[in-house]
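Engineer: Just structure-v5.tsv, nothing more (TSV, C-alpha atoms):
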chain	number	residue	atom	x	y	z
I	21	MET	CA	0.00	0.00	0.00
I	22	LYS	CA	1.31	3.40	-0.92
I	23	ALA	CA	2.63	5.64	1.83
I	24	LYS	CA	0.11	8.36	1.00
I	25	TYR	CA	-2.65	5.99	2.11
I	26	ILE	CA	-0.91	4.87	5.30
I	27	ASN	CA	0.36	8.26	6.43
I	28	PRO	CA	-3.14	9.63	7.26
I	29	PHE	CA	-3.69	6.75	9.71
I	30	LEU	CA	-0.22	7.19	11.17
I	31	ALA	CA	-0.78	10.93	11.61
I	32	ALA	CA	-4.25	10.44	13.12
I	33	SER	CA	-2.87	7.87	15.56
I	34	MET	CA	0.04	10.05	16.65
I	35	ASN	CA	-2.30	12.99	17.12
I	36	LEU	CA	-4.65	10.93	19.27
I	37	PHE	CA	-2.22	8.98	21.41
I	38	LYS	CA	0.73	11.35	21.71
I	39	ASN	CA	-0.67	14.87	21.32
I	40	TYR	CA	-4.14	14.40	22.79
I	41	LEU	CA	-3.76	11.62	25.38
I	42	GLY	CA	-0.15	12.48	26.20
I	43	VAL	CA	1.01	8.87	25.89
I	44	GLU	CA	4.70	8.65	25.07
I	45	CYS	CA	4.82	6.52	21.95
I	46	LYS	CA	6.85	5.81	18.84
I	47	SER	CA	5.71	4.27	15.60
I	48	GLY	CA	7.67	1.48	13.95
I	49	THR	CA	8.00	0.71	10.26
I	50	PRO	CA	4.68	-0.26	8.65
I	51	TYR	CA	4.67	-3.77	7.17
I	52	LEU	CA	2.47	-6.06	5.13
I	53	ASN	CA	0.75	-8.29	7.67
I	54	SER	CA	0.60	-11.86	6.40
I	55	ASP	CA	-1.43	-13.04	9.40
I	56	PRO	CA	-3.91	-10.24	10.20
I	57	GLN	CA	-6.11	-12.49	12.33
I	58	ASN	CA	-3.28	-12.86	14.79
I	59	LEU	CA	-3.68	-9.62	16.71
I	60	GLU	CA	-3.76	-8.68	20.37
I	61	GLU	CA	-6.56	-9.47	22.76
I	62	VAL	CA	-8.56	-6.25	22.42
I	63	THR	CA	-9.40	-5.02	18.93
I	64	GLY	CA	-11.43	-2.01	17.91
I	65	ILE	CA	-12.76	-2.24	14.35
I	66	ILE	CA	-14.23	0.26	11.90
I	67	GLY	CA	-15.42	-0.64	8.43
I	68	LEU	CA	-14.82	1.73	5.53
I	69	ALA	CA	-17.29	2.02	2.65
I	70	GLY	CA	-18.27	4.45	-0.06
I	71	GLU	CA	-15.89	4.98	-2.98
I	72	THR	CA	-13.66	2.20	-1.60
I	73	VAL	CA	-13.93	-0.58	0.98
I	74	GLY	CA	-11.65	-1.36	3.85
I	75	ALA	CA	-11.20	-1.60	7.57
I	76	VAL	CA	-9.23	0.03	10.35
I	77	VAL	CA	-8.37	-2.08	13.37
I	78	LEU	CA	-6.66	-0.93	16.55
I	79	SER	CA	-5.20	-3.79	18.54
I	80	PHE	CA	-4.11	-3.71	22.18
I	81	SER	CA	-3.13	-6.11	24.89
I	82	ARG	CA	-5.60	-6.08	27.79
I	83	GLU	CA	-3.19	-4.05	29.95
I	84	THR	CA	-2.52	-1.47	27.25
I	85	ALA	CA	-6.23	-1.07	26.51
I	86	ILE	CA	-6.96	-0.50	30.20
I	87	GLY	CA	-4.07	1.97	30.52
I	88	ILE	CA	-5.04	4.01	27.47
I	89	ALA	CA	-8.73	4.02	28.45
I	90	SER	CA	-7.75	5.33	31.88
I	91	LYS	CA	-5.86	8.19	30.20
I	92	MET	CA	-8.82	9.00	27.98
I	93	ALA	CA	-11.38	9.03	30.79
I	94	GLY	CA	-9.09	10.62	33.38
I	95	ILE	CA	-9.97	7.92	35.89
I	96	PRO	CA	-8.13	4.68	36.60
I	97	TYR	CA	-9.64	1.44	35.34
I	98	HIS	CA	-8.35	-1.90	36.55
I	99	THR	CA	-10.35	-4.37	34.50
I	100	LEU	CA	-11.58	-4.70	30.96
I	101	SER	CA	-14.91	-3.14	31.87
I	102	ASN	CA	-17.71	-1.98	29.58
I	103	GLU	CA	-16.30	1.54	29.92
I	104	VAL	CA	-12.89	0.42	28.65
I	105	ILE	CA	-14.51	-1.40	25.72
I	106	ASP	CA	-16.59	1.71	24.96
I	107	ILE	CA	-13.41	3.81	24.89
I	108	VAL	CA	-11.57	1.40	22.57
I	109	GLY	CA	-14.47	1.83	20.16
I	110	GLU	CA	-14.16	5.60	20.43
I	111	LEU	CA	-10.39	5.44	19.80
I	112	VAL	CA	-10.76	3.57	16.52
I	113	ASN	CA	-13.60	5.90	15.56
I	114	ILE	CA	-11.32	8.90	16.05
I	115	VAL	CA	-8.41	7.39	14.09
I	116	ALA	CA	-10.63	6.42	11.14
I	117	GLY	CA	-12.62	9.66	11.12
I	118	ASN	CA	-9.52	11.85	11.38
I	119	ALA	CA	-7.62	9.92	8.68
I	120	LYS	CA	-10.41	10.65	6.18
I	121	LYS	CA	-9.32	14.27	6.13
I	122	ASP	CA	-6.16	13.33	4.20
I	123	LEU	CA	-7.53	10.52	2.05
I	124	LEU	CA	-8.48	12.86	-0.71
I	125	GLU	CA	-8.93	10.26	-3.47
I	126	PHE	CA	-11.93	8.62	-1.85
I	127	ARG	CA	-15.14	9.78	-0.30
I	128	ILE	CA	-15.43	7.33	2.57
I	129	ASN	CA	-18.17	6.48	5.02
I	130	ILE	CA	-17.10	4.90	8.29
I	131	SER	CA	-19.16	2.32	10.14
I	132	LEU	CA	-20.01	2.26	13.80
I	133	PRO	CA	-17.10	0.83	15.78
I	134	GLY	CA	-17.07	-2.72	17.04
I	135	VAL	CA	-14.81	-4.16	19.71
I	136	LEU	CA	-13.71	-7.79	19.88
I	137	ILE	CA	-12.23	-9.37	22.98
I	138	GLY	CA	-10.13	-12.51	22.90
I	139	SER	CA	-7.08	-13.55	20.95
I	140	GLY	CA	-9.15	-16.02	18.89
I	141	SER	CA	-11.42	-13.30	17.49
I	142	ARG	CA	-12.01	-13.41	13.74
I	143	ILE	CA	-11.83	-10.09	11.96
I	144	LYS	CA	-13.73	-9.77	8.71
I	145	TRP	CA	-11.09	-8.11	6.55
I	146	PRO	CA	-12.06	-7.15	3.00
I	147	SER	CA	-11.37	-10.08	0.70
I	148	GLY	CA	-8.18	-9.91	-1.35
I	149	VAL	CA	-7.04	-6.57	0.06
I	150	PRO	CA	-3.69	-6.49	1.88
I	151	VAL	CA	-3.48	-5.43	5.51
I	152	ILE	CA	-0.76	-3.00	6.53
I	153	THR	CA	0.22	-2.93	10.19
I	154	ILE	CA	1.73	0.11	11.86
I	155	PRO	CA	3.34	-1.04	15.12
I	156	PHE	CA	3.57	1.36	18.07
I	157	ASP	CA	5.63	1.14	21.19
I	158	SER	CA	4.31	3.18	24.09
I	159	GLU	CA	4.84	3.75	27.78
I	160	LEU	CA	1.61	1.80	28.31
I	161	GLY	CA	2.68	-1.13	26.16
I	162	PRO	CA	2.74	-1.95	22.47
I	163	PHE	CA	-0.27	-1.61	20.23
I	164	SER	CA	-0.91	-1.55	16.50
I	165	VAL	CA	-2.98	0.24	13.90
I	166	ASN	CA	-3.95	-2.06	11.03
I	167	VAL	CA	-5.34	-0.76	7.77
I	168	SER	CA	-6.83	-2.43	4.72
I	169	LEU	CA	-7.99	-0.17	1.91
I	170	LYS	CA	-9.05	-1.37	-1.52
I	171	GLY	CA	-7.62	0.69	-4.36
I	172	ALA	CA	-4.70	1.88	-2.28
I	173	GLU	CA	-2.33	-0.98	-3.17
J	19	MET	CA	-30.45	26.33	30.44
J	20	LYS	CA	-30.90	22.76	29.22
J	21	VAL	CA	-28.17	21.09	27.18
J	22	LEU	CA	-28.67	17.76	25.43
J	23	ILE	CA	-25.45	15.78	24.95
J	24	ILE	CA	-25.79	13.11	22.26
J	25	ASP	CA	-22.97	10.63	21.82
J	26	ASP	CA	-22.88	6.84	21.81
J	27	ALA	CA	-19.59	6.86	23.73
J	28	MET	CA	-20.21	7.33	27.43
J	29	VAL	CA	-16.68	8.67	27.93
J	30	MET	CA	-17.39	11.54	25.55
J	31	ARG	CA	-20.69	12.36	27.25
J	32	ASN	CA	-18.88	12.49	30.58
J	33	ILE	CA	-16.10	14.70	29.21
J	34	HIS	CA	-18.68	17.12	27.80
J	35	LYS	CA	-20.68	17.09	31.03
J	36	ASN	CA	-17.63	17.93	33.11
J	37	ILE	CA	-16.80	20.90	30.89
J	38	LEU	CA	-20.38	22.20	30.93
J	39	MET	CA	-20.45	21.96	34.71
J	40	GLU	CA	-17.49	24.33	34.79
J	41	PHE	CA	-19.87	26.93	33.33
J	42	GLY	CA	-22.09	26.50	36.36
J	43	LEU	CA	-24.56	24.09	34.80
J	44	HIS	CA	-25.88	21.44	37.14
J	45	ASP	CA	-26.45	17.76	36.57
J	46	GLU	CA	-30.21	18.32	36.11
J	47	ASP	CA	-29.48	20.82	33.29
J	48	LEU	CA	-27.51	18.24	31.32
J	49	LEU	CA	-29.50	15.62	29.48
J	50	GLU	CA	-27.90	12.69	27.69
J	51	ALA	CA	-28.73	10.40	24.79
J	52	ALA	CA	-26.68	7.60	23.24
J	53	ASP	CA	-28.28	7.88	19.80
J	54	GLY	CA	-30.18	10.31	17.62
J	55	LYS	CA	-33.53	8.58	18.01
J	56	SER	CA	-33.53	8.82	21.82
J	57	ALA	CA	-32.34	12.41	21.52
J	58	LEU	CA	-35.32	13.30	19.32
J	59	GLN	CA	-37.68	11.85	21.92
J	60	ILE	CA	-36.06	13.94	24.65
J	61	ALA	CA	-36.11	17.10	22.53
J	62	THR	CA	-39.82	16.75	21.83
J	63	THR	CA	-40.71	16.53	25.52
J	64	THR	CA	-38.12	18.88	27.06
J	65	PRO	CA	-37.21	22.28	25.56
J	66	ILE	CA	-33.47	22.23	24.82
J	67	ASP	CA	-31.29	25.36	24.61
J	68	LEU	CA	-28.13	23.78	23.20
J	69	PHE	CA	-27.32	20.49	21.49
J	70	LEU	CA	-23.92	18.78	21.42
J	71	VAL	CA	-24.16	15.98	18.91
J	72	ASP	CA	-21.83	13.27	17.59
J	73	TRP	CA	-22.12	12.09	13.99
J	74	ASN	CA	-21.72	8.31	14.00
J	75	MET	CA	-24.32	6.77	16.25
J	76	PRO	CA	-26.70	3.80	16.10
J	77	GLU	CA	-30.44	4.12	15.36
J	78	LEU	CA	-30.26	7.64	13.96
J	79	SER	CA	-27.02	9.38	12.99
J	80	GLY	CA	-26.12	12.83	14.22
J	81	LEU	CA	-26.56	14.20	10.72
J	82	ASP	CA	-30.10	12.82	10.42
J	83	PHE	CA	-30.83	14.06	13.93
J	84	VAL	CA	-29.81	17.58	12.90
J	85	LYS	CA	-32.04	17.44	9.82
J	86	SER	CA	-35.00	16.30	11.93
J	87	ILE	CA	-34.45	18.91	14.61
J	88	ARG	CA	-34.12	21.72	12.07
J	89	SER	CA	-37.46	20.73	10.57
J	90	MET	CA	-39.14	21.58	13.89
J	91	THR	CA	-40.21	25.20	14.19
J	92	SER	CA	-39.21	25.40	17.85
J	93	TYR	CA	-35.62	24.43	17.07
J	94	LYS	CA	-35.00	26.48	13.93
J	95	ASN	CA	-32.44	28.69	15.69
J	96	THR	CA	-31.25	26.58	18.62
J	97	PRO	CA	-27.45	26.18	18.59
J	98	ILE	CA	-26.32	22.72	17.50
J	99	ILE	CA	-22.64	21.91	17.92
J	100	MET	CA	-21.44	18.80	16.17
J	101	VAL	CA	-18.52	17.18	18.00
J	102	THR	CA	-17.27	14.33	15.85
J	103	SER	CA	-14.21	12.46	14.63
J	104	GLU	CA	-15.37	13.02	11.03
J	105	ALA	CA	-12.66	15.36	9.79
J	106	ALA	CA	-13.14	15.29	6.02
J	107	LYS	CA	-14.05	18.59	4.41
J	108	TYR	CA	-17.08	17.08	2.69
J	109	ASN	CA	-18.40	15.99	6.09
J	110	VAL	CA	-18.07	19.50	7.48
J	111	LEU	CA	-19.90	20.95	4.48
J	112	GLU	CA	-22.66	18.36	4.72
J	113	ALA	CA	-23.17	19.11	8.41
J	114	ILE	CA	-23.30	22.84	7.83
J	115	GLU	CA	-25.82	22.33	5.05
J	116	ALA	CA	-27.94	20.23	7.43
J	117	GLY	CA	-27.97	23.11	9.90
J	118	VAL	CA	-25.24	22.72	12.50
J	119	THR	CA	-24.11	25.94	14.14
J	120	ASN	CA	-20.55	24.88	14.86
J	121	TYR	CA	-18.40	21.89	13.94
J	122	ILE	CA	-15.71	20.54	16.23
J	123	VAL	CA	-13.40	17.65	15.33
J	124	LYS	CA	-12.46	15.14	18.03
J	125	PRO	CA	-10.12	14.72	19.76
J	126	ILE	CA	-10.22	18.15	21.30
J	127	LYS	CA	-8.54	19.19	24.53
J	128	ALA	CA	-10.91	20.14	27.32
J	129	ASP	CA	-9.68	23.74	27.49
J	130	MET	CA	-10.16	24.20	23.73
J	131	LEU	CA	-13.66	22.77	23.87
J	132	LYS	CA	-14.45	24.99	26.82
J	133	GLU	CA	-13.31	28.01	24.86
J	134	LYS	CA	-15.48	27.05	21.89
J	135	LEU	CA	-18.51	26.47	24.09
J	136	GLY	CA	-17.99	29.77	25.90
J	137	LYS	CA	-19.95	31.92	23.46
J	138	TYR	CA	-23.02	29.75	23.93
J	139	MET	CA	-22.77	30.20	27.69
J	140	LEU	CA	-22.88	33.98	27.80
J	141	GLY	CA	-24.59	35.22	30.90
J	142	ARG	CA	-23.75	32.10	32.86
Represent the structure of the file as structure tokens.
Structural biologist:
Amino acid sequence: MKAKYINPFLAASMNLFKNYLGVECKSGTPYLNSDPQNLEEVTGIIGLAGETVGAVVLSFSRETAIGIASKMAGIPYHTLSNEVIDIVGELVNIVAGNAKKDLLEFRINISLPGVLIGSGSRIKWPSGVPVITIPFDSELGPFSVNVSLKGAE
Amino acid sequence: MKVLIIDDAMVMRNIHKNILMEFGLHDEDLLEAADGKSALQIATTTPIDLFLVDWNMPELSGLDFVKSIRSMTSYKNTPIIMVTSEAAKYNVLEAIEAGVTNYIVKPIKADMLKEKLGKYMLGR
């Protein structure tokens, strides 16, 4: 996938996690994910439709999800509660919605977010469209932003 | 002053509530809905002075909520602030055309949001 399609998701993620939430984090080199079902335990998913199809998936370990949700809400959470799950959905909503600003080739509609719990969760990626993973390392643990966008290969 | 906060994410409703309380609004002044359909029901039974509305919500989207509210005579001029992650220019234009008064892209720092809400809180 061309950099111009990945960079909007990278920029939206950095803006959310680093600038807004104040989480110290660094992005790694994006790579083609040959096993995109094998993600962390907590995944927030948004479907993309309109002039293209695709999906954006944020993936966190349980601890990282709880830590980031605590930052977002300004109160400490200790378990993977409904509030934490709600916040993971909001995080992926923000990344996808913000990235649209710089995806000028497509007019895109984003779906409502969904959140899957459990490392065996099956994500319905668009068929035949590669998944690019942007890894992040943060003070609250690693996480990843995974993007599949038809027409952006 | 009654404010209706419409967002399917509870965390966002709480963030907005906390900011509005800093303007002296009390819990009973702040009504909440998790989707556009419930918000319409509230707005038809309780006069609302200000709406804060998200875009992507179940049942009825924020955009469709705005269109419905603007079709009601009593809400022709009521301020509607859309607070959404939808950052594309065409989304902003569509929302303005539907009748929103102000458009704010999430994430927004609490102090920035407070500043933007300030002009709707004059006299408080």
Engineer: Which protein, DNA or RNA residues are at most 10 Å from (-24.2, 19.7, 33.0) in the file's coordinates when you count only C-alpha atoms, listed as a list in words?
Structural biologist: Met19, Lys20, Val21, Leu22, Ile23, Arg31, Asn32, His34, Lys35, Asn36, Ile37, Leu38, Met39, Glu40, Phe41, Gly42, Leu43, His44, Asp45, Glu46, Asp47, Leu48, Leu49 and Glu50 of chain J
Engineer: Please produce a file of those selected residues containing C-alpha atoms, as a PDB file, in the coordinates of the input.
Structural biologist:
ATOM      1  CA  MET J  19     -30.450  26.330  30.440  1.00  0.00           C
ATOM      2  CA  LYS J  20     -30.900  22.760  29.220  1.00  0.00           C
ATOM      3  CA  VAL J  21     -28.170  21.090  27.180  1.00  0.00           C
ATOM      4  CA  LEU J  22     -28.670  17.760  25.430  1.00  0.00           C
ATOM      5  CA  ILE J  23     -25.450  15.780  24.950  1.00  0.00           C
ATOM      6  CA  ARG J  31     -20.690  12.360  27.250  1.00  0.00           C
ATOM      7  CA  ASN J  32     -18.880  12.490  30.580  1.00  0.00           C
ATOM      8  CA  HIS J  34     -18.680  17.120  27.800  1.00  0.00           C
ATOM      9  CA  LYS J  35     -20.680  17.090  31.030  1.00  0.00           C
ATOM     10  CA  ASN J  36     -17.630  17.930  33.110  1.00  0.00           C
ATOM     11  CA  ILE J  37     -16.800  20.900  30.890  1.00  0.00           C
ATOM     12  CA  LEU J  38     -20.380  22.200  30.930  1.00  0.00           C
ATOM     13  CA  MET J  39     -20.450  21.960  34.710  1.00  0.00           C
ATOM     14  CA  GLU J  40     -17.490  24.330  34.790  1.00  0.00           C
ATOM     15  CA  PHE J  41     -19.870  26.930  33.330  1.00  0.00           C
ATOM     16  CA  GLY J  42     -22.090  26.500  36.360  1.00  0.00           C
ATOM     17  CA  LEU J  43     -24.560  24.090  34.800  1.00  0.00           C
ATOM     18  CA  HIS J  44     -25.880  21.440  37.140  1.00  0.00           C
ATOM     19  CA  ASP J  45     -26.450  17.760  36.570  1.00  0.00           C
ATOM     20  CA  GLU J  46     -30.210  18.320  36.110  1.00  0.00           C
ATOM     21  CA  ASP J  47     -29.480  20.820  33.290  1.00  0.00           C
ATOM     22  CA  LEU J  48     -27.510  18.240  31.320  1.00  0.00           C
ATOM     23  CA  LEU J  49     -29.500  15.620  29.480  1.00  0.00           C
ATOM     24  CA  GLU J  50     -27.900  12.690  27.690  1.00  0.00           C
TER      25      GLU J  50
END
Engineer: I want to know what sits within 8 Å of segment 157-162 of chain I, based on only C-alpha atoms, with residues of the same chain fewer than 5 positions away left out; could you give that as number ranges by chain?
Structural biologist: I: 43-48, 80-81, 83-84, 87-88
Engineer: Take the residues that were just selected and, keeping C-alpha atoms, output them as a PDB file, in the coordinates of the input.
Structural biologist:
ATOM      1  CA  VAL I  43       1.010   8.870  25.890  1.00  0.00           C
ATOM      2  CA  GLU I  44       4.700   8.650  25.070  1.00  0.00           C
ATOM      3  CA  CYS I  45       4.820   6.520  21.950  1.00  0.00           C
ATOM      4  CA  LYS I  46       6.850   5.810  18.840  1.00  0.00           C
ATOM      5  CA  SER I  47       5.710   4.270  15.600  1.00  0.00           C
ATOM      6  CA  GLY I  48       7.670   1.480  13.950  1.00  0.00           C
ATOM      7  CA  PHE I  80      -4.110  -3.710  22.180  1.00  0.00           C
ATOM      8  CA  SER I  81      -3.130  -6.110  24.890  1.00  0.00           C
ATOM      9  CA  GLU I  83      -3.190  -4.050  29.950  1.00  0.00           C
ATOM     10  CA  THR I  84      -2.520  -1.470  27.250  1.00  0.00           C
ATOM     11  CA  GLY I  87      -4.070   1.970  30.520  1.00  0.00           C
ATOM     12  CA  ILE I  88      -5.040   4.010  27.470  1.00  0.00           C
TER      13      ILE I  88
END
Engineer: Can you check which parts of chain J lie within 10 Å of chain I? Per residue, the shortest pair of atoms and distance in Å to one decimal, counting only C-alpha atoms, sorted by chain and number, as a Markdown table.
Structural biologist:
| residue | atom | partner | partner_atom | distance |
| --- | --- | --- | --- | --- |
| J:Asp26 | CA | I:Asp106 | CA | 8.7 |
| J:Ala27 | CA | I:Asp106 | CA | 6.1 |
| J:Met28 | CA | I:Asp106 | CA | 7.1 |
| J:Val29 | CA | I:Ala93 | CA | 6.0 |
| J:Met30 | CA | I:Ala93 | CA | 8.4 |
| J:Asn32 | CA | I:Ala93 | CA | 8.3 |
| J:Ile33 | CA | I:Ala93 | CA | 7.5 |
| J:Asn74 | CA | I:Leu132 | CA | 6.3 |
| J:Met75 | CA | I:Leu132 | CA | 6.7 |
| J:Pro76 | CA | I:Leu132 | CA | 7.2 |
| J:Thr102 | CA | I:Ile114 | CA | 8.1 |
| J:Ser103 | CA | I:Gly117 | CA | 4.8 |
| J:Glu104 | CA | I:Gly117 | CA | 4.3 |
| J:Ala105 | CA | I:Asn118 | CA | 5.0 |
| J:Ala106 | CA | I:Lys121 | CA | 4.0 |
| J:Lys107 | CA | I:Lys121 | CA | 6.6 |
| J:Tyr108 | CA | I:Arg127 | CA | 8.1 |
| J:Asn109 | CA | I:Lys121 | CA | 9.2 |
| J:Val123 | CA | I:Asn118 | CA | 8.0 |
| J:Lys124 | CA | I:Ile114 | CA | 6.6 |
| J:Pro125 | CA | I:Leu36 | CA | 6.7 |
| J:Ile126 | CA | I:Tyr40 | CA | 7.3 |
| J:Lys127 | CA | I:Tyr40 | CA | 6.7 |
| J:Ala128 | CA | I:Tyr40 | CA | 10.0 |
Engineer: Work out how far atom CA of Lys144 of chain I is from atom CA of Ala69 of chain I, in Å to one decimal.
Structural biologist: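 Between atom CA of Ala69 of chain I and atom CA of Lys144 of chain I the gap is 13.7 Å.
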Engineer: Measure the distance from atom CA of Glu77 of chain J to atom CA of Leu58 of chain J in Å and round it to one decimal.
Structural biologist: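 Pair atom CA of Glu77 of chain J / atom CA of Leu58 of chain J returns 11.1 Å.
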Engineer: Need the neighbours of (-16.8, 21.4, 19.3): which residues are at most 8 Å away, counting all atoms listed in the file, as a list in words?
Structural biologist: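 So the residues meeting the distance criterion are Leu70, Ile99, Met100, Val101, Thr102, Asn120, Tyr121, Ile122, Val123, Lys124, Ile126, Leu131, Lys134 and Leu135 of chain J.
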Engineer: Those same residues - C-alpha atoms - I'd like them written as a compact mmCIF listing (two decimals), in the frame of the given file.
Structural biologist:
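The file below, selection_16.txt, is the result:
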# COMPACT_ATOMS: atom_id res chain seq x y z
CA LEU J 70 -23.92 18.78 21.42
CA ILE J 99 -22.64 21.91 17.92
CA MET J 100 -21.44 18.80 16.17
CA VAL J 101 -18.52 17.18 18.00
CA THR J 102 -17.27 14.33 15.85
CA ASN J 120 -20.55 24.88 14.86
CA TYR J 121 -18.40 21.89 13.94
CA ILE J 122 -15.71 20.54 16.23
CA VAL J 123 -13.40 17.65 15.33
CA LYS J 124 -12.46 15.14 18.03
CA ILE J 126 -10.22 18.15 21.30
CA LEU J 131 -13.66 22.77 23.87
CA LYS J 134 -15.48 27.05 21.89
CA LEU J 135 -18.51 26.47 24.09
Engineer: Tell me, in Å to one decimal, how far atom CA of Arg142 of chain I is from atom CA of Asn58 of chain I.
Structural biologist: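 These atoms are spaced 8.8 Å apart.
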Engineer: If you count all atoms listed in the file, which residues fall within 7 Å of segment 163-168 of chain I, apart from same-chain ones fewer than 5 positions away, as a PyMOL selection string?
Structural biologist: chain I and resi 74-80+149-157
Engineer: Would you save the residues of that selection, restricted to C-alpha atoms, as an mmCIF file, in the frame of the given file?
Structural biologist:
data_model
loop_
_atom_site.group_PDB
_atom_site.id
_atom_site.type_symbol
_atom_site.label_atom_id
_atom_site.label_comp_id
_atom_site.auth_asym_id
_atom_site.auth_seq_id
_atom_site.Cartn_x
_atom_site.Cartn_y
_atom_site.Cartn_z
ATOM 1 C CA GLY I 74 -11.650 -1.360 3.850
ATOM 2 C CA ALA I 75 -11.200 -1.600 7.570
ATOM 3 C CA VAL I 76 -9.230 0.030 10.350
ATOM 4 C CA VAL I 77 -8.370 -2.080 13.370
ATOM 5 C CA LEU I 78 -6.660 -0.930 16.550
ATOM 6 C CA SER I 79 -5.200 -3.790 18.540
ATOM 7 C CA PHE I 80 -4.110 -3.710 22.180
ATOM 8 C CA VAL I 149 -7.040 -6.570 0.060
ATOM 9 C CA PRO I 150 -3.690 -6.490 1.880
ATOM 10 C CA VAL I 151 -3.480 -5.430 5.510
ATOM 11 C CA ILE I 152 -0.760 -3.000 6.530
ATOM 12 C CA THR I 153 0.220 -2.930 10.190
ATOM 13 C CA ILE I 154 1.730 0.110 11.860
ATOM 14 C CA PRO I 155 3.340 -1.040 15.120
ATOM 15 C CA PHE I 156 3.570 1.360 18.070
ATOM 16 C CA ASP I 157 5.630 1.140 21.190
#
Engineer: Kindly indicate which residue among J:Phe83, J:Ala57, J:Ile24, J:Asp129 lies nearest to Val71 of chain J, using only C-alpha atoms for the distances.
Structural biologist: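 Using only C-alpha atoms, Val71 of chain J sits closest to J:Ile24.
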